[in-house]
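Peer 1: query36.txt (compact mmCIF, C-alpha atoms) pasted underneath:
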```txt
# COMPACT_ATOMS: atom_id res chain seq x y z
CA MET M 271 8.22 -39.85 90.62
CA ALA M 272 5.50 -41.34 92.84
CA LEU M 273 4.84 -39.60 96.14
CA THR M 274 4.70 -41.54 99.37
CA GLN M 275 1.91 -41.14 101.89
CA ASN M 276 4.30 -39.31 104.19
CA GLN M 277 5.16 -36.72 101.53
CA TRP M 278 1.63 -35.71 100.59
CA PRO M 279 0.91 -33.53 103.69
CA LEU M 280 4.12 -31.55 103.16
CA LEU M 281 3.44 -30.95 99.47
CA ILE M 282 -0.14 -29.96 100.29
CA VAL M 283 1.15 -27.36 102.75
CA VAL M 284 3.56 -25.98 100.16
CA SER M 285 0.76 -25.88 97.57
CA LEU M 286 -1.45 -23.93 99.97
CA LEU M 287 1.33 -21.43 100.54
CA VAL M 288 1.93 -21.02 96.81
CA LEU M 289 -1.78 -20.54 96.12
CA ALA M 290 -2.08 -18.09 99.00
CA VAL M 291 0.71 -15.94 97.62
CA ARG M 292 -0.48 -16.14 94.02
CA GLU M 293 -4.16 -15.47 94.59
CA CYS M 294 -4.18 -13.10 97.59
CA LEU M 295 -3.27 -9.47 97.32
CA SER M 296 -1.74 -9.26 100.78
CA GLY M 297 -2.04 -12.78 102.16
CA CYS M 298 1.66 -13.64 101.99
CA ALA M 299 3.09 -15.21 105.15
CA GLU M 300 6.78 -15.92 105.64
CA VAL M 301 6.65 -19.47 106.98
CA GLY M 302 9.97 -21.19 107.68
CA SER M 303 11.09 -24.38 105.96
CA LEU M 304 11.14 -27.85 107.47
CA THR M 305 14.68 -28.99 108.26
CA GLU M 306 14.70 -32.79 108.38
CA ALA M 307 14.81 -34.87 105.21
CA VAL M 308 14.57 -38.67 104.86
CA TYR M 309 17.30 -40.53 103.01
CA GLY M 310 16.20 -41.61 99.52
CA LYS M 311 13.01 -39.53 99.60
CA ALA M 312 12.04 -36.17 98.12
CA PHE M 313 12.21 -33.06 100.29
CA VAL M 314 10.85 -29.53 99.88
CA LEU M 315 13.07 -26.61 100.86
CA GLY M 316 10.79 -23.69 101.66
CA CYS M 317 11.71 -20.05 101.15
CA ILE M 318 9.28 -17.11 101.16
CA SER M 319 9.96 -13.38 100.90
CA CYS M 320 6.86 -11.18 100.98
CA LYS M 321 6.67 -7.71 99.47
CA LYS M 322 5.75 -4.97 101.91
CA ARG M 323 3.50 -3.24 99.36
CA GLU M 324 1.58 -5.54 97.07
CA GLU M 325 0.43 -2.78 94.75
CA VAL M 326 4.01 -2.11 93.64
CA SER M 327 5.07 -4.15 90.62
CA ALA M 328 8.40 -5.96 90.75
CA VAL M 329 10.75 -8.33 88.95
CA THR M 330 12.50 -10.94 91.10
CA THR M 331 15.17 -13.59 90.60
CA VAL M 332 15.91 -16.35 93.11
CA ASP M 333 19.22 -18.12 93.71
CA TRP M 334 19.88 -21.18 95.86
CA HIS M 335 23.33 -21.97 97.25
CA PHE M 336 24.49 -25.01 99.23
CA ARG M 337 27.30 -25.57 101.73
CA PRO M 338 27.86 -29.15 102.96
CA HIS M 339 28.68 -29.78 106.61
CA GLY M 340 32.37 -29.18 107.24
CA GLU M 341 32.84 -26.96 104.17
CA GLU M 342 33.46 -23.20 104.17
CA ASN M 343 32.21 -22.12 100.76
CA PHE M 344 28.77 -22.13 99.22
CA THR M 345 28.07 -23.63 95.79
CA HIS M 346 25.52 -22.08 93.44
CA ILE M 347 22.97 -24.84 92.75
CA LEU M 348 19.91 -23.13 91.17
CA HIS M 349 18.94 -19.86 89.52
CA TYR M 350 15.32 -18.90 88.78
CA GLU M 351 14.54 -16.09 86.39
CA HIS M 352 11.15 -16.20 84.75
CA PRO M 353 10.31 -18.35 82.93
CA SER M 354 13.10 -20.87 83.60
CA ALA M 355 14.80 -22.47 86.60
CA ASP M 356 18.37 -23.54 85.81
CA VAL M 357 20.30 -26.08 87.88
CA MET M 358 23.85 -24.80 88.22
CA ASP M 359 25.62 -27.71 89.96
CA GLU M 360 26.18 -31.15 88.46
CA ALA M 361 25.63 -32.88 91.81
CA PHE M 362 22.02 -31.65 91.75
CA ARG M 363 21.41 -32.06 88.03
CA GLY M 364 18.09 -33.84 87.50
CA ARG M 365 17.27 -33.72 91.22
CA LEU M 366 15.95 -30.19 91.69
CA ASP M 367 12.43 -28.99 90.85
CA TRP M 368 11.16 -25.41 91.10
CA LEU M 369 7.99 -25.26 93.23
CA GLY M 370 7.90 -21.50 93.71
CA THR M 371 5.99 -18.70 92.03
CA ARG M 372 6.01 -19.00 88.24
CA GLY M 373 6.18 -15.42 87.16
CA GLU M 374 8.34 -12.32 87.25
CA ASP M 375 7.11 -11.17 90.66
CA VAL M 376 8.34 -14.03 92.88
CA GLN M 377 7.45 -14.32 96.56
CA VAL M 378 7.68 -18.09 97.02
CA GLY M 379 11.05 -19.62 96.13
CA ALA M 380 10.53 -23.22 97.24
CA ILE M 381 12.41 -26.07 95.56
CA ALA M 382 12.17 -29.85 95.81
CA VAL M 383 15.23 -32.09 96.17
CA ARG M 384 14.73 -35.59 94.78
CA ASN M 385 16.37 -38.73 96.10
CA VAL M 386 17.98 -37.07 99.12
CA SER M 387 21.37 -38.45 100.16
CA TYR M 388 23.46 -37.91 103.29
CA GLU M 389 25.72 -35.64 101.22
CA ASP M 390 22.76 -33.26 100.85
CA ALA M 391 22.89 -32.34 104.54
CA GLY M 392 24.18 -28.86 105.23
CA THR M 393 23.23 -25.21 104.87
CA TYR M 394 21.02 -24.00 102.02
CA ARG M 395 20.86 -20.29 101.28
CA CYS M 396 17.96 -18.76 99.37
CA THR M 397 18.49 -15.26 97.94
CA PHE M 398 15.73 -13.04 96.52
CA SER M 399 16.95 -10.22 94.27
CA ARG M 400 13.93 -7.96 93.79
CA THR M 401 13.62 -4.80 91.71
CA LEU M 402 10.66 -2.63 92.71
CA PHE M 403 9.19 -0.26 90.11
CA LEU M 404 8.27 2.85 92.06
CA ALA M 405 7.10 6.21 90.74
CA GLY M 406 9.91 7.52 88.60
CA PHE M 407 12.65 5.16 89.76
CA ARG M 408 13.62 1.59 90.58
CA HIS M 409 14.58 0.23 94.00
CA HIS M 410 16.64 -2.95 94.44
CA VAL M 411 16.14 -5.19 97.48
CA SER M 412 18.06 -8.34 98.36
CA VAL M 413 16.77 -10.84 100.94
CA GLU M 414 18.65 -13.92 102.18
CA LYS M 415 17.27 -16.87 104.13
CA GLU M 416 19.08 -20.00 105.29
CA VAL M 417 17.90 -23.54 106.00
CA GLU M 418 19.98 -26.01 108.05
CA LEU M 419 19.08 -29.40 106.62
CA SER M 420 19.73 -32.73 108.32
CA VAL M 421 19.19 -36.13 106.71
CA VAL M 422 17.85 -39.09 108.70
CA GLU M 423 17.39 -42.73 107.80
CA ALA M 424 13.69 -42.87 108.63
CA ALA M 425 11.13 -40.29 109.64
CA ASP M 426 8.77 -40.50 112.57
CA ARG M 427 5.71 -40.92 110.37
CA GLU M 428 3.22 -40.37 113.17
CA MET M 429 4.89 -37.17 114.34
CA ALA M 430 5.35 -35.91 110.76
CA ALA M 431 1.68 -36.48 110.03
CA VAL M 432 0.60 -34.67 113.21
CA VAL M 433 2.84 -31.69 112.53
CA SER M 434 1.68 -31.47 108.91
CA GLU M 435 -1.98 -31.58 109.91
CA ILE M 436 -1.45 -28.89 112.54
CA VAL M 437 0.30 -26.65 110.02
CA MET M 438 -2.47 -27.19 107.47
CA TYR M 439 -5.21 -26.37 109.99
CA VAL M 440 -3.36 -23.24 111.14
CA LEU M 441 -2.94 -22.11 107.52
CA ILE M 442 -6.61 -22.72 106.78
CA VAL M 443 -7.67 -20.70 109.84
CA LEU M 444 -5.27 -17.87 108.97
CA LEU M 445 -6.51 -17.75 105.38
CA GLN M 446 -10.11 -17.65 106.56
CA LEU M 447 -9.33 -14.84 108.99
CA TRP M 448 -7.50 -12.97 106.24
CA LEU M 449 -10.51 -13.39 103.94
CA ILE M 450 -12.81 -11.91 106.61
CA VAL M 451 -10.48 -8.93 107.06
CA VAL M 452 -10.36 -8.36 103.28
CA VAL M 453 -14.16 -8.52 102.98
CA VAL M 454 -14.60 -6.03 105.85
CA TYR M 455 -11.94 -3.74 104.36
CA CYS M 456 -13.49 -3.86 100.90
CA TYR M 457 -16.98 -3.21 102.30
CA LYS M 458 -15.71 -0.23 104.30
CA LYS M 459 -13.86 1.16 101.29
CA VAL M 460 -16.92 0.85 99.04
CA TYR M 461 -19.13 2.39 101.76
CA ASP M 462 -16.70 5.31 102.20
CA ASP M 463 -16.60 5.85 98.43
CA ILE M 464 -20.40 5.96 98.30
CA ASP M 465 -20.51 8.46 101.18
CA ALA M 466 -17.87 10.63 99.52
CA ARG M 467 -19.75 10.55 96.21
CA GLU M 468 -23.04 11.47 97.90
CA ALA M 469 -21.32 14.29 99.79
CA ARG M 470 -19.92 15.68 96.53
CA ARG M 471 -23.36 15.49 94.92
CA ALA M 472 -24.95 17.27 97.88
CA LEU M 473 -22.29 19.99 97.84
CA LYS M 474 -22.73 20.47 94.09
CA ALA M 475 -26.50 20.70 94.46
CA HIS M 476 -26.10 23.18 97.32
CA LYS M 477 -23.79 25.40 95.26
CA LYS M 478 -26.21 25.26 92.34
CA LEU M 479 -29.08 26.29 94.61
CA LEU M 480 -27.08 29.24 95.93
CA ASP M 481 -26.29 30.34 92.38
CA CYS M 482 -29.99 30.21 91.48
CA ASP M 483 -30.93 32.24 94.55
CA GLY M 484 -28.32 34.85 93.60
CA VAL M 485 -29.85 35.19 90.14
CA LYS M 486 -33.34 35.73 91.59
CA LEU M 487 -32.12 38.31 94.06
CA ASP M 488 -30.39 40.27 91.28
CA GLY M 489 -33.58 40.20 89.20
CA ALA M 490 -35.69 41.51 92.09
CA LYS M 491 -33.50 44.56 92.41
```
Any chance you could give the structure as structure tokens?
Peer 2:
Amino acid sequence: MALTQNQWPLLIVVSLLVLAVRECLSGCAEVGSLTEAVYGKAFVLGCISCKKREEVSAVTTVDWHFRPHGEENFTHILHYEHPSADVMDEAFRGRLDWLGTRGEDVQVGAIAVRNVSYEDAGTYRCTFSRTLFLAGFRHHVSVEKEVELSVVEAADREMAAVVSEIVMYVLIVLLQLWLIVVVVYCYKKVYDDIDAREARRALKAHKKLLDCDGVKLDGAK
């Protein structure tokens, strides 16, 4: 499906978020989803759930549910469990694409809805079911996020472009700041490790010198 000029900024933003989560050890940011889709166009539903401790391994599944305006119950529309994303509802069959993290440890659960119709307006619920592998046991965490989606006939292209550019610039600045913090942290950690190693060497040499002095003193007696 060909992308329109108005859709490129949004997909670029989502791509930046996905890359940030995949490549950075602690650069995950829980940015909310956009909430206004254009009739007949594609739309990206964003959903991000960051782990508090990146060094802990985890396995995560993601489920999307949908409740149309005026309805009471949610319908299960998509289930992601590495390596496949399964569309669960016939109304969305062939119209949903997984844009989130492709792996067992999922932090980005974004999906794209193709050919949006007015019937797609309503509440979308994104649920992360995460199992954390801690020392000696497993810990299960469930996180839910909701997106209230409205569908309009035509988007304000100028406003959409401005908002998308602002979001992209903010993300770029935040990623650069995060990179600086990581570099400073890594430098400090390496410097502290070198100091600790030198201190251990000095202590070892000092103990060895004392042992040698003790041997000489015993021989003199």
Peer 1: So which one's closest to Ser420 in chain M, M:Ser354, M:Ser434, M:Thr401, M:Thr305? Using all atoms listed in the file, please.
Peer 2: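 Of M:Ser354, M:Ser434, M:Thr401, M:Thr305, the one nearest Ser420 in chain M, counting all atoms listed in the file, is M:Thr305.
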Peer 1: The residues within 12 Å of (19.9, -30.7, 94.0), using only C-alpha atoms and the coordinates of the file, should be reported as a PyMOL selection string; which are they?
Peer 2: chain M and resi 312-315+334-337+345-349+356-368+381-387+389-391+394
Peer 1: One decimal, in Å: what's the spacing between CA of Tyr388 in chain M and CA of Val421 in chain M?
Peer 2: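 Going from CA of Tyr388 in chain M over to CA of Val421 in chain M, I get 5.8 Å.
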Peer 1: In Å, rounded to a single decimal, give me how far CA of Glu300 in chain M is from CA of Ile318 in chain M.
Peer 2: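 Those two atoms sit 5.3 Å apart.
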Peer 1: Taking all atoms of range 470-477 of chain M that the file lists and extending 3 Å past them on each side, where is the centre of the axis-aligned box and how long are its edges? Answer in Å to one decimal, as lines of an AutoDock Vina configuration file.
Peer 2:
```
center_x = -23.2
center_y = 20.4
center_z = 96.0
size_x = 12.6
size_y = 15.9
size_z = 9.8
```
Peer 1: Check the smallest atom-to-atom distance from each of M:Ala424, M:Arg395, M:Gly316, M:Gly340 to Thr371 in chain M using only C-alpha atoms, then report the winner.
Peer 2: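 When distances to Thr371 in chain M are compared using only C-alpha atoms, the smallest one comes from M:Gly316.
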Peer 1: As an exercise, work out the distance from CA of His410 in chain M to CA of Ser303 in chain M in Å and give it to one decimal place.
Peer 2: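 Here the two named atoms are 25.0 Å from each other.
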Peer 1: Go through M:Val422, M:Val326, M:Cys456, M:Val440 one by one, measure the shortest atom-to-atom distance of each to Arg408 in chain M using all atoms listed in the file, and give the residue with the smallest value.
Peer 2: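 The answer is M:Val326, which sits nearest to Arg408 in chain M.
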Peer 1: Counting all atoms listed in the file, figure out which residue out of M:Cys317, M:Leu402, M:Phe407, M:Glu324 gets nearest to Gly370 in chain M.
Peer 2: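 For Gly370 in chain M, the nearest of the given residues is M:Cys317.
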Peer 1: When distances are computed from only C-alpha atoms, which of M:His409, M:Arg471, M:Arg400, M:Lys311 shows the smallest separation from Asp333 in chain M?
Peer 2: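 Comparing M:His409, M:Arg471, M:Arg400, M:Lys311 against Asp333 in chain M, the winner is M:Arg400.
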Peer 1: I need the residue nearest Val411 in chain M from this list: M:Ala355, M:Val378, M:Ala328, M:Val454. Use all atoms listed in the file for the distance.
Peer 2: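 Ranking M:Ala355, M:Val378, M:Ala328, M:Val454 by distance to Val411 in chain M, first place goes to M:Ala328.
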Peer 1: With a distance cut-off of 6 Å and all atoms listed in the file, select the neighbouring residues of Gly392 in chain M, excluding the residue or stretch itself and same-chain residues fewer than 5 positions from it, and output the selection as a PyMOL selection string.
Peer 2: chain M and resi 337-339+418-419
Peer 1: Rebuild range 340-351 of chain M to all heavy atoms - output it as a PDB file, keeping the file's coordinate frame, please.
Peer 2:
```pdb
ATOM      1  N   GLY M 340      30.920 -29.103 107.238  1.00  0.00           N
ATOM      2  CA  GLY M 340      32.370 -29.180 107.240  1.00  0.00           C
ATOM      3  C   GLY M 340      33.043 -28.349 106.172  1.00  0.00           C
ATOM      4  O   GLY M 340      34.272 -28.206 106.186  1.00  0.00           O
ATOM      5  N   GLU M 341      32.273 -27.789 105.236  1.00  0.00           N
ATOM      6  CA  GLU M 341      32.840 -26.960 104.170  1.00  0.00           C
ATOM      7  C   GLU M 341      32.692 -25.473 104.541  1.00  0.00           C
ATOM      8  O   GLU M 341      31.869 -25.089 105.361  1.00  0.00           O
ATOM      9  CB  GLU M 341      32.143 -27.225 102.847  1.00  0.00           C
ATOM     10  CG  GLU M 341      32.277 -28.671 102.361  1.00  0.00           C
ATOM     11  CD  GLU M 341      33.680 -28.997 101.902  1.00  0.00           C
ATOM     12  OE1 GLU M 341      34.417 -28.039 101.562  1.00  0.00           O
ATOM     13  OE2 GLU M 341      34.044 -30.183 101.898  1.00  0.00           O
ATOM     14  N   GLU M 342      33.492 -24.626 103.895  1.00  0.00           N
ATOM     15  CA  GLU M 342      33.460 -23.200 104.170  1.00  0.00           C
ATOM     16  C   GLU M 342      32.725 -22.405 103.105  1.00  0.00           C
ATOM     17  O   GLU M 342      32.132 -21.363 103.394  1.00  0.00           O
ATOM     18  CB  GLU M 342      34.897 -22.651 104.292  1.00  0.00           C
ATOM     19  CG  GLU M 342      35.661 -23.190 105.491  1.00  0.00           C
ATOM     20  CD  GLU M 342      37.037 -22.544 105.615  1.00  0.00           C
ATOM     21  OE1 GLU M 342      37.372 -21.706 104.741  1.00  0.00           O
ATOM     22  OE2 GLU M 342      37.746 -22.891 106.573  1.00  0.00           O
ATOM     23  N   ASN M 343      32.764 -22.891 101.886  1.00  0.00           N
ATOM     24  CA  ASN M 343      32.210 -22.120 100.760  1.00  0.00           C
ATOM     25  C   ASN M 343      30.878 -22.680 100.290  1.00  0.00           C
ATOM     26  O   ASN M 343      30.627 -23.885 100.341  1.00  0.00           O
ATOM     27  CB  ASN M 343      33.209 -22.117  99.597  1.00  0.00           C
ATOM     28  CG  ASN M 343      34.525 -21.472  99.976  1.00  0.00           C
ATOM     29  OD1 ASN M 343      34.561 -20.487 100.719  1.00  0.00           O
ATOM     30  ND2 ASN M 343      35.616 -22.029  99.469  1.00  0.00           N
ATOM     31  N   PHE M 344      30.048 -21.764  99.807  1.00  0.00           N
ATOM     32  CA  PHE M 344      28.770 -22.130  99.220  1.00  0.00           C
ATOM     33  C   PHE M 344      28.942 -22.405  97.727  1.00  0.00           C
ATOM     34  O   PHE M 344      29.767 -21.790  97.060  1.00  0.00           O
ATOM     35  CB  PHE M 344      27.744 -21.012  99.401  1.00  0.00           C
ATOM     36  CG  PHE M 344      27.107 -20.972 100.760  1.00  0.00           C
ATOM     37  CD1 PHE M 344      27.700 -20.245 101.786  1.00  0.00           C
ATOM     38  CD2 PHE M 344      25.935 -21.648 101.011  1.00  0.00           C
ATOM     39  CE1 PHE M 344      27.110 -20.193 103.046  1.00  0.00           C
ATOM     40  CE2 PHE M 344      25.332 -21.609 102.262  1.00  0.00           C
ATOM     41  CZ  PHE M 344      25.930 -20.877 103.285  1.00  0.00           C
ATOM     42  N   THR M 345      28.108 -23.327  97.223  1.00  0.00           N
ATOM     43  CA  THR M 345      28.070 -23.630  95.790  1.00  0.00           C
ATOM     44  C   THR M 345      26.713 -23.204  95.228  1.00  0.00           C
ATOM     45  O   THR M 345      25.672 -23.493  95.818  1.00  0.00           O
ATOM     46  CB  THR M 345      28.268 -25.140  95.535  1.00  0.00           C
ATOM     47  OG1 THR M 345      29.533 -25.536  96.065  1.00  0.00           O
ATOM     48  CG2 THR M 345      28.225 -25.444  94.041  1.00  0.00           C
ATOM     49  N   HIS M 346      26.752 -22.515  94.095  1.00  0.00           N
ATOM     50  CA  HIS M 346      25.520 -22.080  93.440  1.00  0.00           C
ATOM     51  C   HIS M 346      24.845 -23.292  92.794  1.00  0.00           C
ATOM     52  O   HIS M 346      25.418 -23.935  91.918  1.00  0.00           O
ATOM     53  CB  HIS M 346      25.855 -21.042  92.373  1.00  0.00           C
ATOM     54  CG  HIS M 346      24.667 -20.297  91.870  1.00  0.00           C
ATOM     55  ND1 HIS M 346      24.721 -19.437  90.790  1.00  0.00           N
ATOM     56  CD2 HIS M 346      23.373 -20.270  92.293  1.00  0.00           C
ATOM     57  CE1 HIS M 346      23.539 -18.907  90.581  1.00  0.00           C
ATOM     58  NE2 HIS M 346      22.690 -19.401  91.472  1.00  0.00           N
ATOM     59  N   ILE M 347      23.613 -23.629  93.250  1.00  0.00           N
ATOM     60  CA  ILE M 347      22.970 -24.840  92.750  1.00  0.00           C
ATOM     61  C   ILE M 347      21.762 -24.565  91.859  1.00  0.00           C
ATOM     62  O   ILE M 347      21.393 -25.412  91.042  1.00  0.00           O
ATOM     63  CB  ILE M 347      22.558 -25.779  93.908  1.00  0.00           C
ATOM     64  CG1 ILE M 347      21.541 -25.099  94.828  1.00  0.00           C
ATOM     65  CG2 ILE M 347      23.775 -26.224  94.691  1.00  0.00           C
ATOM     66  CD1 ILE M 347      20.974 -26.041  95.892  1.00  0.00           C
ATOM     67  N   LEU M 348      21.098 -23.402  92.006  1.00  0.00           N
ATOM     68  CA  LEU M 348      19.910 -23.130  91.170  1.00  0.00           C
ATOM     69  C   LEU M 348      19.702 -21.635  91.012  1.00  0.00           C
ATOM     70  O   LEU M 348      19.913 -20.860  91.954  1.00  0.00           O
ATOM     71  CB  LEU M 348      18.666 -23.772  91.770  1.00  0.00           C
ATOM     72  CG  LEU M 348      17.375 -23.617  90.941  1.00  0.00           C
ATOM     73  CD1 LEU M 348      16.573 -24.917  90.915  1.00  0.00           C
ATOM     74  CD2 LEU M 348      16.491 -22.496  91.531  1.00  0.00           C
ATOM     75  N   HIS M 349      19.292 -21.257  89.810  1.00  0.00           N
ATOM     76  CA  HIS M 349      18.940 -19.860  89.520  1.00  0.00           C
ATOM     77  C   HIS M 349      17.585 -19.829  88.834  1.00  0.00           C
ATOM     78  O   HIS M 349      17.384 -20.478  87.805  1.00  0.00           O
ATOM     79  CB  HIS M 349      19.998 -19.217  88.616  1.00  0.00           C
ATOM     80  CG  HIS M 349      19.636 -17.839  88.160  1.00  0.00           C
ATOM     81  ND1 HIS M 349      19.718 -16.733  88.984  1.00  0.00           N
ATOM     82  CD2 HIS M 349      19.170 -17.380  86.958  1.00  0.00           C
ATOM     83  CE1 HIS M 349      19.329 -15.659  88.310  1.00  0.00           C
ATOM     84  NE2 HIS M 349      18.989 -16.025  87.083  1.00  0.00           N
ATOM     85  N   TYR M 350      16.637 -19.058  89.406  1.00  0.00           N
ATOM     86  CA  TYR M 350      15.320 -18.900  88.780  1.00  0.00           C
ATOM     87  C   TYR M 350      15.161 -17.472  88.286  1.00  0.00           C
ATOM     88  O   TYR M 350      15.293 -16.506  89.039  1.00  0.00           O
ATOM     89  CB  TYR M 350      14.181 -19.211  89.738  1.00  0.00           C
ATOM     90  CG  TYR M 350      12.826 -18.987  89.087  1.00  0.00           C
ATOM     91  CD1 TYR M 350      12.262 -19.949  88.256  1.00  0.00           C
ATOM     92  CD2 TYR M 350      12.127 -17.792  89.273  1.00  0.00           C
ATOM     93  CE1 TYR M 350      11.045 -19.744  87.620  1.00  0.00           C
ATOM     94  CE2 TYR M 350      10.900 -17.570  88.646  1.00  0.00           C
ATOM     95  CZ  TYR M 350      10.366 -18.545  87.823  1.00  0.00           C
ATOM     96  OH  TYR M 350       9.158 -18.337  87.196  1.00  0.00           O
ATOM     97  N   GLU M 351      14.879 -17.361  87.009  1.00  0.00           N
ATOM     98  CA  GLU M 351      14.540 -16.090  86.390  1.00  0.00           C
ATOM     99  C   GLU M 351      13.466 -16.385  85.356  1.00  0.00           C
ATOM    100  O   GLU M 351      13.715 -17.116  84.401  1.00  0.00           O
ATOM    101  CB  GLU M 351      15.761 -15.443  85.737  1.00  0.00           C
ATOM    102  CG  GLU M 351      15.489 -14.074  85.154  1.00  0.00           C
ATOM    103  CD  GLU M 351      16.759 -13.365  84.694  1.00  0.00           C
ATOM    104  OE1 GLU M 351      17.851 -13.950  84.845  1.00  0.00           O
ATOM    105  OE2 GLU M 351      16.648 -12.236  84.185  1.00  0.00           O
TER     106      GLU M 351
END
```
